[in-house]
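What follows is a single structure, written as structure tokens, with notes after it.
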Amino acid sequence: MSLNSKKNLKKKETDSETKISIIAANFKNILETLELDLTNPNLKNSPHRIAKMYVNELFTGLKNDNFPSISLFENNYDYQQMLVQKEIHFVSMCSHHFMPFIGYATIAYFPGTHIIGLSKLNRIVKHFAKKPQVQENLTQEIGTCLQDILKTDHVAVYLNAKHFCIIARGIEDSHSFTSTYFLEGKFREAETKQQFLNEIKNKI
């Protein structure tokens, strides 16, 4: 087989039901290792429930095929000012301890020839959040994705989240938040950057 032929071969993807079966069996081993009684009605079906949650809900962002369909509209009004969408709720899973982090995203950009459908910003945030992740990388993925879709450098992303690896373990602090930024193009300029930061603070 030639090198080019090998490159064209695709790794066969495990189907969802097989993934659920494998994860359920392994999670059953974890619970038994913790000496939990799996005959307890509250635990009996937990391995399968957890496996379904991982595959069908929490980690759907691991499959590129699940990326949302994107609607772009021509910028017929020649709108050239900042467009901001705030407080987009997201839930993700920290890849360090596999505990959730929960927060809000604010996205801004300067349109070129096209404007993205507003709900698509929410869907893009949700897609990238649905996998084991760290907040810094999540912020970058959202920002670079929007730059590619909108064909513009002028994109800003702000994420503010609470991490349950801080709330439920270690320091056990339920009050602290973590903020991360993606600022590119015009958003690196002092005046535009300040305008974006003001939008984040403004709750109206």
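Naming scheme: A, B, ... for chains in displayed order of the structure tokens; residues 1 onward per chain; ligands 1 onward as shown.
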For segment 33-67 of chain A versus segment 129-145 of chain A, which residues have an atom no more than 7 Å away, and what is each residue's nearest atom pair and distance in Å rounded to one decimal, using only C-alpha atoms, chain-then-number order, as JSON lines?
{"residue": "A:Leu58", "atom": "CA", "partner": "A:Lys130", "partner_atom": "CA", "distance": 5.3}
{"residue": "A:Phe59", "atom": "CA", "partner": "A:Lys131", "partner_atom": "CA", "distance": 4.3}
{"residue": "A:Thr60", "atom": "CA", "partner": "A:Lys130", "partner_atom": "CA", "distance": 5.6}
{"residue": "A:Gly61", "atom": "CA", "partner": "A:Lys130", "partner_atom": "CA", "distance": 4.5}
{"residue": "A:Leu62", "atom": "CA", "partner": "A:Lys131", "partner_atom": "CA", "distance": 5.7}
Output file for the selection above: C-alpha atoms, as a CSV table (one decimal), in the first residue's frame:
chain,number,residue,atom,x,y,z
A,58,LEU,CA,-21.6,16.4,28.1
A,59,PHE,CA,-19.0,15.5,25.4
A,60,THR,CA,-20.8,15.9,22.1
A,61,GLY,CA,-18.2,18.6,21.2
A,62,LEU,CA,-15.7,15.8,20.7
* Would you list, as a PyMOL selection string, the residues of segment 7-159 of chain A that end up in alpha helix (DSSP H) under DSSP run on this structure's backbone? => chain A and resi 7-8+16-33+46-53+118-129+135-150
* Structure fact -> Expressed in Å, the length from atom CA of Ala105 of chain A to atom CA of Glu87 of chain A is 5.4 Å
* To do: Could you give me, as a ChimeraX atom specification, the residues within 8 Å of His48 of chain A, counting only C-alpha atoms and dropping anything in the same chain fewer than 4 positions from it?
  => /A:20-21,23-24,52
* To do: Once DSSP has gone over the backbone, tell me which residues of chain A are in strand (DSSP E), as a ChimeraX atom specification.
  => /A:72-74,83-94,100-109,114-116,132-133,155-163,178-183
* Asked: Please, what distance in Å, to one decimal, runs between atom CA of Phe101 of chain A and atom CA of Ile30 of chain A?
  ->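 Separating atom CA of Phe101 of chain A from atom CA of Ile30 of chain A is a distance of 22.8 Å.
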* Asked: Near segment 151-157 of chain A, counting only C-alpha atoms, which residues have an atom at most 10 Å away, once you skip same-chain residues fewer than 4 positions from it, shown as a VMD selection string?
  -> chain A and resid 82 to 86 105 to 114 138 to 147 180 to 188 193 196
* **Nearest candidate to Phe164 of chain A (options A:Lys120, A:Lys201, A:His97, A:Lys44; using only C-alpha atoms)** =>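 Distance minimum relative to Phe164 of chain A lands on A:His97.
Interatomic distance, atom CA of Lys203 of chain A to atom CA of His89 of chain A: 14.7 Å.
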* Find, counting only C-alpha atoms, the residue in A:Leu43, A:Cys165, A:Val55, A:Pro68 that gets nearest to Met99 of chain A. =>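 Between A:Leu43, A:Cys165, A:Val55, A:Pro68, the residue approaching Met99 of chain A most closely is A:Cys165.
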* Given only C-alpha atoms as the counted atoms, nearest of A:Ser16, A:Glu32, A:Leu38, A:Val91 to Asn56 of chain A ->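 Closest to Asn56 of chain A, using only C-alpha atoms: A:Ser16.
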